[in-house]
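Undergrad: One structure, as structure tokens, below. Some questions next.
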Amino acid sequence: MGEEGPPKTAKQLEKEAKKAAEKAAKLEKLAAKEAKTVEKTVAGKGAEKKEKKVKKEGGAVILYTKTTPAGTKKDTTCPLPDAYSPQYVEAAWYSWWEKSGFFKPEYGRNGVKDVPPEGVFMMVIPPPNVTGKLHLGHALTNSVEDAITRYHRMNGKMTLWVPGSDHAGIATQVVVEKKLAREEGLSRHDLGREKFLDRVFQWKDEYGGAIYDQLRKLGSSVDWDRVTFTMDPKCSKAVTEAFVLLHEEGTIYRSNRLVNWSCSLRSAISDIEVDKVELPGKTLMSVPGYTEKVEFGVIISFAYKVEGCEEEIVVATTRIETMLGDTAVAVHPEDPRYKKLVGKSVIHPFSDRKLPIIADTFVERDFGTGAVKITPAHDPNDYECGKRNNLPFVTIFTDEGLVSPGCGKFSGMKRFDARKAVLAALEEKGLYRETKDNPMVVPVCSRSKDIVEPIIKPQWYVKCDNMAEEAQKAVDNGDLRLIPESHKKTWSYWMGGMRDWCISRQLWWGHRIPAYHVTVLGQGPADPTDNSYWVSGRSEEEARSKAAKRFKVKESQIQLVQDPDVLDTWFSSGLFPFSVLGWPDKTDDLEVFYPGALLETGHDIIFFWVARMVFFGQKLMGKLPFKDVFLHAMVRDAHGRKMSKSLGNTINPMDVILGVTLEELHKALEGGNLDPKEVEKAKAGQTQDYPDGIPECGTDAMRFGLCAYTAQGRDINLDVLRVQGYRFFCNKLWNATKFAMMYLGAAFSPVKSLVQELLASKSQSSTPTFSPLPSSCDLNQPSGWSQLNSCLQSSPFLGGQKPSSTDTQAFKDITIQPNHFTHPHLSRWYHRMNALTASDRSSLPPGKGVLLATPAPLSPMDRWILSRLAYAVEQVNIGFTEYNFPLATSALYNFWLYEVCDVYLEYLKPVFQGSDSSAVLTARTVLYTCLDSGLRLISPFMPFISEELFQRLPRWSATEPPSIMVTPFPTITNTPFRNTEVEAEVELVQKIVSVVRSTRADYNIPNKIKTQLFLKVFCPTTTTIVKQYTTALATLAYSQQVEVVDSPPSGCAIVTVNDKITAHLVLKGLIDPAKEIEKLTKKRSALQQTVEKLQKAAKVPDYLAKVPEDVRKSNQEKVDVSQMEVARLADAMAALASIEA
């Protein structure tokens, strides 16, 4: 390494080292160029790639292909791919989270009884139907709930989110029955009850797990060890216990009442399973079991003859077939037309029944003829009237929808065939009067698409009035909080008009009702509608014992028959908040986690599910099941239409996550059960909304987008392209972190207290500090090189300005020549040391170790970004505590995109490229603080990308938690960085930058061309502020120099920033004024033509009457904007003319 000779002076050594470094750098550049050429030659010849790229329409998709067994941590030692890829990012993390136990409340504790001071957060998932697949409503629910759960977990609470699925009685039975018929030609009756239930459980085991897989894909951090299916043994036990307790106290009773009946299903159905189809008038509808369509939307008038005279009463009905069950005609008691007829009777034309003419105030005198036919057994209003007036209830339809015996020639007909037959018979008897179009609502069974028939049936009911009263009190006194508060009105409406709840369903799949009909041997058959002959029990033995005591006979004299019906699915769902915790057993889970903290669900089931959970919680547990109810909006398409398969606007969340082509969307429709005409209509809808298919957005972007959308009130009009915008936002996070990792370096170790110390201090420490030289092993690792490279950034040698024995030892220990491109400062040092002789190196004075950079004071821009971080922390925490998710997502979006990426990172580039190691250390510390806190803040909404990037960054200490999802969430307490004064100053800086950039754009000056900027300031205070930010202004405004002057030079474009500042941008020598004037003249001419055209259109007669208000408003806005642009162009042209002159 050089011949021995007389010792050289320090100046000689420095000169030689400099020459050697320059020479080495040139040689290294040449070697790199040659290496690049070789690399190009071998590229594509089977060289191993770090990640696989799969060709996909729109570009290559980067995939994670490292071998990572399920449950093991993802390999983050490989470099980050160049661009953000959702499929790469979302791979492998979920199984590691799950296996590590992060989702469990016991994580990091000694069991569920080890409750931390922060308390408990518990929530149950609204259990999706086991038959279904996730739709966007589920995706919204789970995005919001998972964000809330992760937030509370990161805030140190013992957190439990219980997953599960609902057995969905009717829906599941229909699916399995159709499968049986299609594949085996069998009905459930062919198999029998037990074998049919076995088949349903088989189907559930085979297909029911799909929805859980989708929940995992969404990143839902539920405790899978506590997953609950509503037909699990523990739920069955809870259902039986609840029924028996409520029956024993009289809250559950049996009664013969009107129910919603589906003839296809042969079962009563709940109100939520009835679709109200609005018809504008005469409409032909398809009805299951009929080859021809059935007419609805008309009202038919016919006459009843009054007994004993020639008079008649004309009545009207939309369901002419129900006249077979008429038992009265009602008129208003004050209607003078019919007063003399009240008390008389009319003759039924098809039976020997005489129908009394009664007076009832529910009749509207001005509607139709003022007379109403009363069919108490088949109409809700008539049912109430029949009860008031003690009328007979005549059921005219069987469970299958056939006309019952006793209806003459109509008996045995299908109900809508009877509709035609009854009309024809009335015409034959001369009683038909007219048919008119009639807008109406038709009740359709959402499961079978059959027309719902009101029929009287003996059913089990839950008495709800007292429970509703208690539920209303809970809301009124604030014990139960409904969010948004606008839903209080809906709650009061339901609670105030609460009717008893029919819980019987004529199905086989579900919780069989634990009630038994009693027959006492020797006493004859009992009336099945008599409530006293029904007993309930946790077992048949218990029921038999109860019956024997009630009838004072021996148990051997009691015969029991269990009710074949099952309970309404909502009954078991209403118990869900405590049945999942083991009730009625006294478990640790029940003690710790009940009541829950929150219920989050859609506002459409506020009555069907939310109210019933409140009822059962208060009644059976003595406590509300949760404190808060957050009701999110309903998801509609971008045009505000309800999601519908026939419209082709339903969106599968997996299609948003993975992307889908238009052709694939069309194929999904063809594989469904839509009518061929509806398929074509749906395809047209898809083509209009998704002409290029749905782009791949990824889970994080979809979750963030759905949470951001919850601001829209009751409905969410989802535009998939906006979700794609959040995918681009993910790319910004990706690039920002890659940039940071490059400048932080492998050796950077953040010091948690440093930011606080720098905030408190305004001057730099003048006492140099040293650290021991890294070990020989470390000095040949990237981390050791990064440490030395950082040290050498602001000094030529490891100990400072002069070489020492520390340099000699390091040079000896480094066995590989450092790369100039990756470690430029270390490379230059290496060549300096290499230029010295062995004798020179051995004779260097003793060193104190490696000189550590002392952090420079925080720059104003550092203080600003820390302040904006503190503001984001405040807003996100408020957003979560107030369930205002758009507030949180907006704060995060603005912080990352507009403050970190657009401003702070741009400002930092020259800092990192400079030679001031103290400024670099401060910049690294502040940047790392922003990244670390920013990723933690966004983690509840974007769990995958935040974990991927968090794992690549250094840690504050070796004891930090293993995953971002179990790290502490940033709070105002641990980020006391807010400085509104600095924020106001930077707001002014940004305004200057905006004006300058806009002016540069007007003159087509590319960013790479740096201009001179002179600022004339008319206020001493503002002058002081602006001078502090000239470096930042130069960087952000693409200027080579920024000066605050009293007399700016000529040849400038002059623009006003505000009333205190004018910006003078030097254009002379940068542009051709004549060409620019020509371009701007053309642009001004086009704008003037636009203004003239719009103004001319506005002067047309009847413009105000013919043109919609929103179009007029849009046109005026275009005029205003164009006129402002014309004025700006005029100013720009004047400035150019002065330069040319």
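We name chains A, B, ... following the order of the structure tokens; residues begin at 1 in each chain, and ligands are numbered from 1 as shown.
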For stretch 215-228 of chain A, list every protein, DNA or RNA residue within 7 Å, evaluated using only C-alpha atoms, and leave out those in the same chain fewer than 4 positions away; present the list as a list of chain:residue names.

TA: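 The residues satisfying every condition are A:Tyr94, A:Phe103, A:Lys104, A:Asn142, A:Asp146, A:Leu160, A:Trp161, A:Val162, A:Pro163, A:Gly164, A:Ser165, A:Ile211, A:Asp232, A:Val580, A:Thr699.
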
Undergrad: Create the file for the chosen residues now, containing N, CA and C atoms and written as a short mmCIF file (atom, residue, chain, number, x, y, z; two decimals), in the first residue's frame.

TA:
data_model
loop_
_atom_site.label_atom_id
_atom_site.label_comp_id
_atom_site.auth_asym_id
_atom_site.auth_seq_id
_atom_site.Cartn_x
_atom_site.Cartn_y
_atom_site.Cartn_z
N TYR A 94 -51.60 -11.96 8.17
CA TYR A 94 -52.76 -12.31 9.00
C TYR A 94 -52.53 -13.59 9.81
N PHE A 103 -54.90 -11.15 18.63
CA PHE A 103 -56.33 -10.85 18.60
C PHE A 103 -57.02 -11.20 19.92
N LYS A 104 -56.34 -11.93 20.78
CA LYS A 104 -56.98 -12.43 21.99
C LYS A 104 -56.87 -11.43 23.14
N ASN A 142 -67.31 -4.44 8.89
CA ASN A 142 -66.07 -5.00 9.42
C ASN A 142 -64.91 -4.01 9.35
N ASP A 146 -63.35 -3.26 12.89
CA ASP A 146 -61.96 -3.64 13.11
C ASP A 146 -61.12 -2.43 13.46
N LEU A 160 -61.77 -7.59 23.23
CA LEU A 160 -62.37 -8.80 22.67
C LEU A 160 -63.40 -8.42 21.63
N TRP A 161 -63.18 -8.93 20.42
CA TRP A 161 -64.17 -8.79 19.34
C TRP A 161 -64.56 -10.21 18.95
N VAL A 162 -65.83 -10.57 19.23
CA VAL A 162 -66.28 -11.95 19.04
C VAL A 162 -66.86 -12.13 17.65
N PRO A 163 -66.31 -13.09 16.87
CA PRO A 163 -66.86 -13.37 15.55
C PRO A 163 -67.95 -14.44 15.63
N GLY A 164 -68.68 -14.58 14.56
CA GLY A 164 -69.69 -15.62 14.52
C GLY A 164 -70.51 -15.53 13.25
N SER A 165 -71.44 -16.47 13.12
CA SER A 165 -72.35 -16.44 11.98
C SER A 165 -73.72 -16.90 12.45
N ILE A 211 -67.38 -17.48 4.57
CA ILE A 211 -67.49 -16.09 5.04
C ILE A 211 -66.39 -15.78 6.06
N ASP A 232 -74.65 -23.44 17.76
CA ASP A 232 -73.70 -24.15 18.63
C ASP A 232 -74.42 -24.59 19.91
N VAL A 580 -72.72 -15.73 23.63
CA VAL A 580 -71.34 -16.01 23.18
C VAL A 580 -70.37 -16.10 24.35
N THR A 699 -57.01 -4.40 0.19
CA THR A 699 -57.84 -4.35 1.40
C THR A 699 -57.69 -3.02 2.12
#

Undergrad: Find the residues around A:Val566 up to 7 Å (only C-alpha atoms counted), leave out those fewer than 3 positions away in its own chain, and share them as a PyMOL selection string.

TA: chain A and resi 504-508+510-513

Undergrad: Can those selected residues be exported to a file as a compact mmCIF listing (two decimals), in the first residue's frame so that it contains N, CA and C atoms?

TA:
# COMPACT_ATOMS: atom_id res chain seq x y z
N SER A 504 -92.66 -17.72 16.33
CA SER A 504 -92.80 -19.06 15.74
C SER A 504 -92.45 -19.05 14.26
N ARG A 505 -91.75 -20.09 13.83
CA ARG A 505 -91.48 -20.26 12.40
C ARG A 505 -91.72 -21.74 12.06
N GLN A 506 -92.46 -21.96 10.98
CA GLN A 506 -92.84 -23.33 10.61
C GLN A 506 -91.73 -23.95 9.75
N LEU A 507 -90.57 -24.10 10.38
CA LEU A 507 -89.40 -24.64 9.70
C LEU A 507 -88.86 -25.83 10.49
N TRP A 508 -87.85 -26.48 9.91
CA TRP A 508 -87.14 -27.53 10.63
C TRP A 508 -85.76 -27.06 11.07
N GLY A 510 -83.37 -24.67 12.74
CA GLY A 510 -83.41 -23.60 13.73
C GLY A 510 -83.51 -24.19 15.12
N HIS A 511 -83.74 -23.34 16.11
CA HIS A 511 -83.89 -23.80 17.49
C HIS A 511 -85.35 -24.24 17.70
N ARG A 512 -85.53 -25.52 17.87
CA ARG A 512 -86.90 -26.01 18.06
C ARG A 512 -87.46 -25.45 19.37
N ILE A 513 -88.71 -25.03 19.32
CA ILE A 513 -89.31 -24.37 20.48
C ILE A 513 -89.44 -25.37 21.62

Undergrad: Give me the residues of stretch 998-1020 of chain A that have any atom at most 6 Å from an atom of stretch 1059-1063 of chain A; for each, the nearest atom pair and the distance in Å, rounded to one decimal. Use only C-alpha atoms, sort by chain and number, and format it as a Markdown table.

TA:
| residue | atom | partner | partner_atom | distance |
| --- | --- | --- | --- | --- |
| A:Leu1015 | CA | A:Ala1063 | CA | 4.8 |
| A:Lys1016 | CA | A:Thr1062 | CA | 5.3 |
| A:Val1017 | CA | A:Ile1061 | CA | 4.6 |
| A:Phe1018 | CA | A:Lys1060 | CA | 5.0 |

Undergrad: Neighbouring residues of A:Trp494 were defined as those with any atom within 9 Å, considering only C-alpha atoms; residues of the same chain fewer than 5 positions away were excluded. Please report them as a PyMOL selection string.

TA: chain A and resi 468+489+499+607+611

Undergrad: Can you tell me which residues surround stretch 387-391 of chain A at a distance of at most 8 Å, considering only C-alpha atoms, apart from same-chain residues fewer than 4 positions away, and format the answer as a list in words?

TA: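 My reading of the contact set: Thr327, Ala328, Pro376 and Tyr383 of chain A.
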
Undergrad: Can you list, as number ranges by chain, every residue of stretch 633-754 of chain A that DSSP puts in strand (DSSP E)?

TA: A: 634-636, 715-717

Undergrad: Can you tell me, as a list in words, what residues are no more than 10 Å from A:Ile451 when counting only C-alpha atoms, ignoring any on the same chain fewer than 2 positions away?

TA: Asn260, Trp261, Ser262, Cys263, Ser264, Val274, Asp275, Met285, Ser286, Val287, Pro288, Val442, Pro443, Val444, Cys445, Ser446, Ser448, Lys449, Glu453 and Pro454 of chain A

Undergrad: Enumerate, as a VMD selection string, the complete set of residues in stretch 837-1007 of chain A that a backbone-based DSSP assignment places in alpha helix (DSSP H).

TA: chain A and resid 838 to 842 860 to 881 885 to 893 905 to 913 917 to 938 943 to 952 980 to 1002

Undergrad: Under the rule that only C-alpha atoms are counted, which of A:Leu733, A:Met413, A:Tyr338, A:His135 is the nearest residue to A:Thr650?

TA: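 Of the candidates, the smallest distance to A:Thr650 is held by A:His135.
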
Undergrad: Give me the residues within 9 Å of stretch 204-207 of chain A as an NGL selection string, counting only C-alpha atoms and dropping any in the same chain fewer than 3 places off.

TA: :A and (130-131 or 167 or 172 or 199-201 or 210-211)

Undergrad: Tell me, in Å to one decimal, how far atom CA of A:Pro857 is from atom CA of A:Cys1019.

TA: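 Interatomic distance here is 27.2 Å.
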
Undergrad: Which one of A:Ile945, A:Glu249, A:Thr999, A:Met158 sits closest to A:Trp734 if you count only C-alpha atoms?

TA: A:Ile945

Undergrad: Which neighbours of stretch 891-895 of chain A fall inside 9 Å, counting only C-alpha atoms, when residues of the same chain fewer than 3 positions from it are skipped, and could you give them as a VMD selection string?

TA: chain A and resid 726 729 865 868 to 869 871 to 873 875 to 876 886 to 888 898 to 901 934 937 to 938

Undergrad: Calculated over only C-alpha atoms, which of the candidates A:Asn477, A:Thr490, A:Ser345, A:Asn789 has the smallest distance to A:Pro818?

TA: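 For A:Pro818, the nearest of the given residues is A:Asn789.
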